[in-house]
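Colleague: Input file: query_14.pdb. Contents: PDB, C-alpha atoms, pLDDT in the B column.
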```pdb
ATOM      1  CA  MET A 228       0.000   0.000   0.000  1.00 67.00           C
ATOM      2  CA  LYS A 229       1.199   3.450  -0.897  1.00 78.00           C
ATOM      3  CA  THR A 230       1.794   5.917   1.946  1.00 81.00           C
ATOM      4  CA  ILE A 231      -0.121   9.160   1.478  1.00 84.00           C
ATOM      5  CA  ASN A 232       1.859  12.220   2.531  1.00 85.00           C
ATOM      6  CA  THR A 233      -1.024  14.306   3.781  1.00 90.00           C
ATOM      7  CA  SER A 234      -1.550  15.433   7.345  1.00 92.00           C
ATOM      8  CA  ALA A 235      -5.059  15.063   8.721  1.00 95.00           C
ATOM      9  CA  PHE A 236      -6.473  16.378  11.975  1.00 96.00           C
ATOM     10  CA  ILE A 237      -9.612  14.721  13.299  1.00 97.00           C
ATOM     11  CA  VAL A 238     -11.671  16.988  15.574  1.00 97.00           C
ATOM     12  CA  GLU A 239     -14.181  14.631  17.179  1.00 96.00           C
ATOM     13  CA  ASP A 240     -15.397  14.406  20.779  1.00 95.00           C
ATOM     14  CA  ASP A 241     -16.502  10.759  20.467  1.00 95.00           C
ATOM     15  CA  ARG A 242     -13.197   8.945  21.026  1.00 96.00           C
ATOM     16  CA  LEU A 243     -14.441   5.645  19.589  1.00 96.00           C
ATOM     17  CA  TYR A 244     -15.694   7.298  16.404  1.00 96.00           C
ATOM     18  CA  ALA A 245     -12.427   9.240  16.101  1.00 97.00           C
ATOM     19  CA  GLU A 246     -10.528   5.934  16.271  1.00 97.00           C
ATOM     20  CA  ILE A 247     -12.796   4.476  13.566  1.00 96.00           C
ATOM     21  CA  ILE A 248     -11.930   7.434  11.337  1.00 97.00           C
ATOM     22  CA  ARG A 249      -8.213   7.060  12.099  1.00 97.00           C
ATOM     23  CA  SER A 250      -8.341   3.313  11.399  1.00 96.00           C
ATOM     24  CA  THR A 251     -10.143   3.891   8.094  1.00 96.00           C
ATOM     25  CA  LEU A 252      -7.569   6.465   6.984  1.00 96.00           C
ATOM     26  CA  THR A 253      -4.628   4.372   8.185  1.00 95.00           C
ATOM     27  CA  ASN A 254      -5.930   1.433   6.132  1.00 94.00           C
ATOM     28  CA  GLU A 255      -5.949   3.758   3.102  1.00 94.00           C
ATOM     29  CA  GLY A 256      -2.267   4.694   3.596  1.00 93.00           C
ATOM     30  CA  TYR A 257      -2.516   7.913   5.617  1.00 94.00           C
ATOM     31  CA  LYS A 258       0.113   8.069   8.337  1.00 91.00           C
ATOM     32  CA  ASP A 259       0.149  11.632   9.682  1.00 92.00           C
ATOM     33  CA  ILE A 260      -3.134  11.655  11.612  1.00 96.00           C
ATOM     34  CA  GLN A 261      -3.831  13.468  14.877  1.00 95.00           C
ATOM     35  CA  ILE A 262      -7.002  13.327  16.960  1.00 97.00           C
ATOM     36  CA  PHE A 263      -8.351  16.240  18.996  1.00 95.00           C
ATOM     37  CA  GLY A 264     -11.220  15.566  21.398  1.00 95.00           C
ATOM     38  CA  SER A 265     -12.452  19.139  21.562  1.00 93.00           C
ATOM     39  CA  GLY A 266     -12.487  22.337  19.548  1.00 91.00           C
ATOM     40  CA  ASP A 267     -10.351  24.049  22.199  1.00 91.00           C
ATOM     41  CA  ASP A 268      -7.733  21.301  22.019  1.00 92.00           C
ATOM     42  CA  PHE A 269      -7.580  21.609  18.230  1.00 92.00           C
ATOM     43  CA  LEU A 270      -7.317  25.411  18.310  1.00 89.00           C
ATOM     44  CA  ARG A 271      -4.439  25.210  20.823  1.00 89.00           C
ATOM     45  CA  HIS A 272      -2.557  23.069  18.286  1.00 84.00           C
ATOM     46  CA  SER A 273      -3.558  24.888  15.120  1.00 73.00           C
ATOM     47  CA  ASN A 274      -0.014  26.264  14.745  1.00 79.00           C
ATOM     48  CA  SER A 275       0.982  22.923  13.246  1.00 77.00           C
ATOM     49  CA  LYS A 276      -1.094  23.397  10.133  1.00 84.00           C
ATOM     50  CA  PRO A 277      -2.681  20.227   8.725  1.00 91.00           C
ATOM     51  CA  ASP A 278      -3.584  19.621   5.087  1.00 92.00           C
ATOM     52  CA  ILE A 279      -7.092  18.419   5.931  1.00 95.00           C
ATOM     53  CA  VAL A 280      -9.343  18.759   8.974  1.00 96.00           C
ATOM     54  CA  ILE A 281     -12.122  16.249   9.541  1.00 97.00           C
ATOM     55  CA  LEU A 282     -14.528  18.156  11.731  1.00 97.00           C
ATOM     56  CA  ASP A 283     -17.535  17.212  13.834  1.00 96.00           C
ATOM     57  CA  HIS A 284     -20.201  19.872  14.310  1.00 94.00           C
ATOM     58  CA  MET A 285     -21.307  19.262  17.895  1.00 90.00           C
ATOM     59  CA  LEU A 286     -18.215  19.573  20.077  1.00 89.00           C
ATOM     60  CA  GLY A 287     -19.586  20.377  23.509  1.00 82.00           C
ATOM     61  CA  GLN A 288     -19.278  24.119  24.130  1.00 85.00           C
ATOM     62  CA  MET A 289     -17.917  24.885  20.667  1.00 88.00           C
ATOM     63  CA  SER A 290     -19.532  24.277  17.290  1.00 92.00           C
ATOM     64  CA  GLY A 291     -17.817  23.061  14.171  1.00 94.00           C
ATOM     65  CA  ILE A 292     -19.010  26.232  12.414  1.00 94.00           C
ATOM     66  CA  HIS A 293     -16.992  28.323  14.902  1.00 94.00           C
ATOM     67  CA  ILE A 294     -13.920  26.192  14.273  1.00 94.00           C
ATOM     68  CA  LEU A 295     -14.446  26.377  10.487  1.00 95.00           C
ATOM     69  CA  ARG A 296     -14.500  30.176  10.671  1.00 94.00           C
ATOM     70  CA  THR A 297     -11.253  30.143  12.651  1.00 92.00           C
ATOM     71  CA  ILE A 298      -9.630  27.788  10.134  1.00 91.00           C
ATOM     72  CA  GLN A 299     -10.725  30.022   7.236  1.00 90.00           C
ATOM     73  CA  GLU A 300      -9.269  33.099   8.972  1.00 90.00           C
ATOM     74  CA  LYS A 301      -5.924  31.560   9.968  1.00 88.00           C
ATOM     75  CA  MET A 302      -5.365  28.690   7.511  1.00 86.00           C
ATOM     76  CA  SER A 303      -7.460  29.375   4.432  1.00 82.00           C
ATOM     77  CA  ASP A 304      -5.741  26.724   2.303  1.00 86.00           C
ATOM     78  CA  VAL A 305      -6.629  23.896   4.732  1.00 92.00           C
ATOM     79  CA  LYS A 306      -9.425  21.682   3.424  1.00 94.00           C
ATOM     80  CA  VAL A 307     -12.229  20.995   5.924  1.00 96.00           C
ATOM     81  CA  ILE A 308     -14.497  17.985   5.650  1.00 97.00           C
ATOM     82  CA  PHE A 309     -17.407  17.941   8.081  1.00 96.00           C
ATOM     83  CA  LEU A 310     -18.296  14.497   9.380  1.00 96.00           C
ATOM     84  CA  SER A 311     -21.223  14.978  11.704  1.00 92.00           C
ATOM     85  CA  ALA A 312     -24.486  13.483  12.895  1.00 90.00           C
ATOM     86  CA  GLN A 313     -26.019  16.958  12.580  1.00 82.00           C
ATOM     87  CA  GLU A 314     -28.739  16.640   9.942  1.00 80.00           C
ATOM     88  CA  ASP A 315     -30.024  20.229  10.094  1.00 85.00           C
ATOM     89  CA  MET A 316     -29.866  21.513   6.509  1.00 91.00           C
ATOM     90  CA  GLU A 317     -29.185  25.056   7.756  1.00 92.00           C
ATOM     91  CA  VAL A 318     -25.966  23.844   9.363  1.00 91.00           C
ATOM     92  CA  VAL A 319     -24.985  21.906   6.244  1.00 92.00           C
ATOM     93  CA  VAL A 320     -25.619  24.889   3.961  1.00 94.00           C
ATOM     94  CA  LYS A 321     -23.824  27.276   6.333  1.00 94.00           C
ATOM     95  CA  ALA A 322     -20.773  25.003   6.523  1.00 95.00           C
ATOM     96  CA  LEU A 323     -20.554  24.735   2.743  1.00 94.00           C
ATOM     97  CA  LYS A 324     -21.084  28.482   2.252  1.00 95.00           C
ATOM     98  CA  LEU A 325     -18.298  29.178   4.741  1.00 94.00           C
ATOM     99  CA  GLY A 326     -15.920  27.044   2.688  1.00 93.00           C
ATOM    100  CA  ALA A 327     -16.161  23.480   3.953  1.00 95.00           C
ATOM    101  CA  PHE A 328     -14.949  21.110   1.248  1.00 95.00           C
ATOM    102  CA  ASP A 329     -17.784  18.671   1.950  1.00 96.00           C
ATOM    103  CA  TYR A 330     -20.332  17.667   4.570  1.00 96.00           C
ATOM    104  CA  ILE A 331     -20.847  13.976   5.311  1.00 96.00           C
ATOM    105  CA  GLU A 332     -23.497  12.707   7.695  1.00 94.00           C
ATOM    106  CA  LYS A 333     -22.308  10.073  10.161  1.00 94.00           C
ATOM    107  CA  THR A 334     -25.653   8.300   9.794  1.00 93.00           C
ATOM    108  CA  ASP A 335     -24.920   7.592   6.119  1.00 94.00           C
ATOM    109  CA  PRO A 336     -24.025   3.868   5.908  1.00 95.00           C
ATOM    110  CA  ASN A 337     -21.363   4.834   3.356  1.00 96.00           C
ATOM    111  CA  ALA A 338     -19.891   7.642   5.469  1.00 96.00           C
ATOM    112  CA  MET A 339     -16.382   6.150   5.686  1.00 97.00           C
ATOM    113  CA  THR A 340     -16.313   5.350   1.961  1.00 97.00           C
ATOM    114  CA  ARG A 341     -17.423   8.904   1.181  1.00 97.00           C
ATOM    115  CA  LEU A 342     -14.773  10.249   3.557  1.00 97.00           C
ATOM    116  CA  VAL A 343     -12.021   8.337   1.742  1.00 96.00           C
ATOM    117  CA  VAL A 344     -13.266   9.641  -1.628  1.00 96.00           C
ATOM    118  CA  MET A 345     -13.489  13.228  -0.330  1.00 96.00           C
ATOM    119  CA  MET A 346     -10.003  13.003   1.180  1.00 95.00           C
ATOM    120  CA  LYS A 347      -8.611  12.112  -2.247  1.00 94.00           C
ATOM    121  CA  LYS A 348     -10.560  14.934  -3.898  1.00 94.00           C
ATOM    122  CA  ALA A 349      -9.379  17.386  -1.241  1.00 93.00           C
ATOM    123  CA  ILE A 350      -5.757  16.361  -1.846  1.00 91.00           C
ATOM    124  CA  ARG A 351      -6.184  16.868  -5.599  1.00 90.00           C
ATOM    125  CA  ALA A 352      -7.772  20.288  -5.010  1.00 89.00           C
ATOM    126  CA  ARG A 353      -4.944  21.262  -2.649  1.00 82.00           C
ATOM    127  CA  ASP A 354      -2.301  20.143  -5.143  1.00 82.00           C
ATOM    128  CA  LYS A 355      -4.030  21.968  -7.996  1.00 81.00           C
ATOM    129  CA  SER A 356      -4.202  25.140  -5.892  1.00 69.00           C
ATOM    130  CA  LYS A 357      -0.506  24.904  -4.995  1.00 66.00           C
ATOM    131  CA  LYS A 358       0.392  24.370  -8.651  1.00 64.00           C
ATOM    132  CA  SER A 359      -1.699  27.383  -9.719  1.00 61.00           C
ATOM    133  CA  LYS A 360       0.011  29.563  -7.105  1.00 59.00           C
ATOM    134  CA  ARG A 361       3.456  28.450  -8.341  1.00 57.00           C
ATOM    135  CA  VAL A 362       2.501  29.189 -11.947  1.00 55.00           C
ATOM    136  CA  GLU A 363       1.225  32.669 -10.972  1.00 60.00           C
ATOM    137  CA  ARG A 364       4.488  33.387  -9.116  1.00 58.00           C
ATOM    138  CA  LEU A 365       6.496  32.267 -12.134  1.00 55.00           C
ATOM    139  CA  LYS A 366       4.397  34.387 -14.485  1.00 60.00           C
ATOM    140  CA  GLY A 367       5.003  37.380 -12.244  1.00 60.00           C
ATOM    141  CA  TRP A 368       8.726  36.662 -12.136  1.00 60.00           C
ATOM    142  CA  PHE A 369       8.985  36.424 -15.917  1.00 58.00           C
ATOM    143  CA  LEU A 370       6.933  39.594 -16.416  1.00 57.00           C
ATOM    144  CA  ILE A 371       9.154  41.509 -13.996  1.00 54.00           C
ATOM    145  CA  SER A 372      12.457  40.224 -15.360  1.00 49.00           C
TER
END
```
Taking this structure as input, can you express it in the form of structure tokens?

Modeller:
Amino acid sequence: MKTINTSAFIVEDDRLYAEIIRSTLTNEGYKDIQIFGSGDDFLRHSNSKPDIVILDHMLGQMSGIHILRTIQEKMSDVKVIFLSAQEDMEVVVKALKLGAFDYIEKTDPNAMTRLVVMMKKAIRARDKSKKSKRVERLKGWFLIS
């Protein structure tokens, strides 16, 4: 199995479910995975910027929407995939409007399969964005020279 060089942070207050996510990703070749049991814990460690954040919505005192806003302000190139039991369409729409890459409901029997697919799409989107930024820098360099 190929190792995938992408760092993923799991922000999930249900420790068992967080371990299921980690196990699923590990089986797919992801190695750099960290679990945070609360929004506060994640925000204290947000200096070590991940590539992807897998984010629950209901995290005790803090909502996933609050954390998403913080990620967008401080780490706008980080891809956020919501994985939550929250089925309120207002929350789903708000998360997507605020820039979440996708929103997956935990109650979906294919949630882990969808997560794996979305992780791959998020990596491709990240790589495409990085490539575009490099091309723009090079264009600017050649125009200036």

Colleague: Would you kindly return, as a list in words, each protein, DNA or RNA residue with an atom no farther than 9 Å from any atom of Lys276 in chain A, considering all atoms listed in the file and excluding same-chain residues fewer than 6 positions away?

Modeller: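 Once the nearby chain positions are removed, what remains is Ser234, Met302 and Val305 of chain A.
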
Colleague: Could you give me, as a list in words, the residues within 9 Å of Gly326 in chain A, counting all atoms listed in the file and dropping anything in the same chain fewer than 2 positions from it?

Modeller: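 The filter keeps Leu295, Arg296, Gln299, Ser303, Lys306, Val307, Lys321, Ala322, Leu323, Lys324, Phe328 and Asp329 of chain A.
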
Colleague: I need the residues from that last selection saved to file as a compact mmCIF listing (two decimals), in the coordinates of the input (with C-alpha atoms), if you can.

Modeller:
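File again-v5.txt, as written:
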```
# COMPACT_ATOMS: atom_id res chain seq x y z
CA LEU A 295 -14.45 26.38 10.49
CA ARG A 296 -14.50 30.18 10.67
CA GLN A 299 -10.72 30.02 7.24
CA SER A 303 -7.46 29.38 4.43
CA LYS A 306 -9.43 21.68 3.42
CA VAL A 307 -12.23 21.00 5.92
CA LYS A 321 -23.82 27.28 6.33
CA ALA A 322 -20.77 25.00 6.52
CA LEU A 323 -20.55 24.74 2.74
CA LYS A 324 -21.08 28.48 2.25
CA PHE A 328 -14.95 21.11 1.25
CA ASP A 329 -17.78 18.67 1.95
```

Colleague: Nearest to Leu310 in chain A among A:Gly291, A:Gly256, A:Gly264, A:Pro277, with distances taken over all atoms listed in the file: which residue is it?

Modeller: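 Looking at the shortest contact to Leu310 in chain A, the residue is A:Gly291.
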
Colleague: So which residues touch Thr340 in chain A within 12 Å, counting all atoms listed in the file, skipping near sequence neighbours fewer than 6 positions away, as a list in words?

Modeller: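 Neighbouring residues, sequence-local ones excluded: Ile248, Thr251, Leu252, Asn254, Glu255, Leu310, Ile331, Glu332, Lys333, Met346 and Lys347 of chain A.
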
Colleague: Quick check, in Å to one decimal: how far apart do CA of Asp278 in chain A and CA of Ser290 in chain A lie?

Modeller: 20.6 Å

Colleague: Expand the PyMOL selection byres ((chain A and resi 240-242) around 6) into the individual residues it matches in the shown file, reporting them as a list of chain:residue names.

Modeller: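 On this input, the PyMOL selection byres ((chain A and resi 240-242) around 6) captures A:Glu239, A:Leu243, A:Tyr244, A:Ala245, A:Gly264, A:Ser265, A:Leu286.
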
Colleague: Pick from A:Ser275, A:Asp304, A:Ile237, A:Ser250: nearest to Lys355 in chain A, with all atoms listed in the file counted?

Modeller: A:Asp304

Colleague: Using all atoms listed in the file for the distances, tell me which of A:Ile262, A:Leu270, A:Val238, A:Ala338 is nearest to Thr297 in chain A.

Modeller: A:Leu270

Colleague: How far is it from CA of Arg271 in chain A to CA of His293 in chain A, in Å with one decimal?

Modeller: 14.2 Å

Colleague: Just say which residues the PyMOL selection byres ((chain A and resi 312) around 10) picks in this file, as a VMD selection string.

Modeller: chain A and resid 283 to 285 309 to 311 313 to 315 331 to 335

Colleague: Which is closest to Met339 in chain A among A:Ile308, A:Gly287, A:Lys258, A:Glu300, if we use only C-alpha atoms?

Modeller: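 Nearest to Met339 in chain A: A:Ile308.
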
Colleague: Please compute the CA of Val318 in chain A-CA of Tyr330 in chain A distance, one decimal, in Å.

Modeller: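 The value is 9.6 Å.
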
Colleague: Could you please fill out range 268-287 of chain A with N, CA and C atoms and send it back as a PDB file, in the coordinates of the input?

Modeller:
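Now in rebuild.pdb:
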```
ATOM      1  N   ASP A 268      -8.980  22.054  22.170  1.00 92.00           N
ATOM      2  CA  ASP A 268      -7.733  21.301  22.019  1.00 92.00           C
ATOM      3  C   ASP A 268      -7.169  21.490  20.612  1.00 92.00           C
ATOM      4  N   PHE A 269      -8.024  21.395  19.607  1.00 92.00           N
ATOM      5  CA  PHE A 269      -7.580  21.609  18.230  1.00 92.00           C
ATOM      6  C   PHE A 269      -7.024  23.015  18.041  1.00 92.00           C
ATOM      7  N   LEU A 270      -7.747  24.022  18.510  1.00 89.00           N
ATOM      8  CA  LEU A 270      -7.317  25.411  18.310  1.00 89.00           C
ATOM      9  C   LEU A 270      -5.991  25.696  19.013  1.00 89.00           C
ATOM     10  N   ARG A 271      -5.738  25.040  20.140  1.00 89.00           N
ATOM     11  CA  ARG A 271      -4.439  25.210  20.823  1.00 89.00           C
ATOM     12  C   ARG A 271      -3.293  24.646  19.981  1.00 89.00           C
ATOM     13  N   HIS A 272      -3.592  23.703  19.111  1.00 84.00           N
ATOM     14  CA  HIS A 272      -2.557  23.069  18.286  1.00 84.00           C
ATOM     15  C   HIS A 272      -2.627  23.485  16.817  1.00 84.00           C
ATOM     16  N   SER A 273      -3.375  24.514  16.525  1.00 73.00           N
ATOM     17  CA  SER A 273      -3.558  24.888  15.120  1.00 73.00           C
ATOM     18  C   SER A 273      -2.317  25.531  14.504  1.00 73.00           C
ATOM     19  N   ASN A 274      -1.275  25.752  15.310  1.00 79.00           N
ATOM     20  CA  ASN A 274      -0.014  26.264  14.745  1.00 79.00           C
ATOM     21  C   ASN A 274       0.617  25.245  13.807  1.00 79.00           C
ATOM     22  N   SER A 275       0.480  23.967  14.145  1.00 77.00           N
ATOM     23  CA  SER A 275       0.982  22.923  13.246  1.00 77.00           C
ATOM     24  C   SER A 275      -0.118  22.639  12.236  1.00 77.00           C
ATOM     25  N   LYS A 276      -0.034  23.347  11.133  1.00 84.00           N
ATOM     26  CA  LYS A 276      -1.094  23.397  10.133  1.00 84.00           C
ATOM     27  C   LYS A 276      -1.252  22.066   9.396  1.00 84.00           C
ATOM     28  N   PRO A 277      -2.443  21.471   9.464  1.00 91.00           N
ATOM     29  CA  PRO A 277      -2.681  20.227   8.725  1.00 91.00           C
ATOM     30  C   PRO A 277      -3.056  20.521   7.274  1.00 91.00           C
ATOM     31  N   ASP A 278      -3.086  19.486   6.454  1.00 92.00           N
ATOM     32  CA  ASP A 278      -3.584  19.621   5.087  1.00 92.00           C
ATOM     33  C   ASP A 278      -5.110  19.553   5.069  1.00 92.00           C
ATOM     34  N   ILE A 279      -5.649  18.651   5.899  1.00 95.00           N
ATOM     35  CA  ILE A 279      -7.092  18.419   5.931  1.00 95.00           C
ATOM     36  C   ILE A 279      -7.551  18.316   7.380  1.00 95.00           C
ATOM     37  N   VAL A 280      -8.711  18.902   7.664  1.00 96.00           N
ATOM     38  CA  VAL A 280      -9.343  18.759   8.974  1.00 96.00           C
ATOM     39  C   VAL A 280     -10.666  18.040   8.769  1.00 96.00           C
ATOM     40  N   ILE A 281     -10.846  16.964   9.517  1.00 97.00           N
ATOM     41  CA  ILE A 281     -12.122  16.249   9.541  1.00 97.00           C
ATOM     42  C   ILE A 281     -12.803  16.722  10.814  1.00 97.00           C
ATOM     43  N   LEU A 282     -13.946  17.368  10.654  1.00 97.00           N
ATOM     44  CA  LEU A 282     -14.528  18.156  11.731  1.00 97.00           C
ATOM     45  C   LEU A 282     -15.957  17.729  12.063  1.00 97.00           C
ATOM     46  N   ASP A 283     -16.179  17.459  13.337  1.00 96.00           N
ATOM     47  CA  ASP A 283     -17.535  17.212  13.834  1.00 96.00           C
ATOM     48  C   ASP A 283     -18.198  18.567  14.060  1.00 96.00           C
ATOM     49  N   HIS A 284     -19.517  18.601  14.069  1.00 94.00           N
ATOM     50  CA  HIS A 284     -20.201  19.872  14.310  1.00 94.00           C
ATOM     51  C   HIS A 284     -20.458  20.105  15.798  1.00 94.00           C
ATOM     52  N   MET A 285     -20.970  19.110  16.483  1.00 90.00           N
ATOM     53  CA  MET A 285     -21.307  19.262  17.895  1.00 90.00           C
ATOM     54  C   MET A 285     -20.110  18.835  18.745  1.00 90.00           C
ATOM     55  N   LEU A 286     -19.424  19.836  19.295  1.00 89.00           N
ATOM     56  CA  LEU A 286     -18.215  19.573  20.077  1.00 89.00           C
ATOM     57  C   LEU A 286     -18.337  20.181  21.475  1.00 89.00           C
ATOM     58  N   GLY A 287     -19.385  19.840  22.166  1.00 82.00           N
ATOM     59  CA  GLY A 287     -19.586  20.377  23.509  1.00 82.00           C
ATOM     60  C   GLY A 287     -19.908  21.859  23.456  1.00 82.00           C
TER      61      GLY A 287
END
```
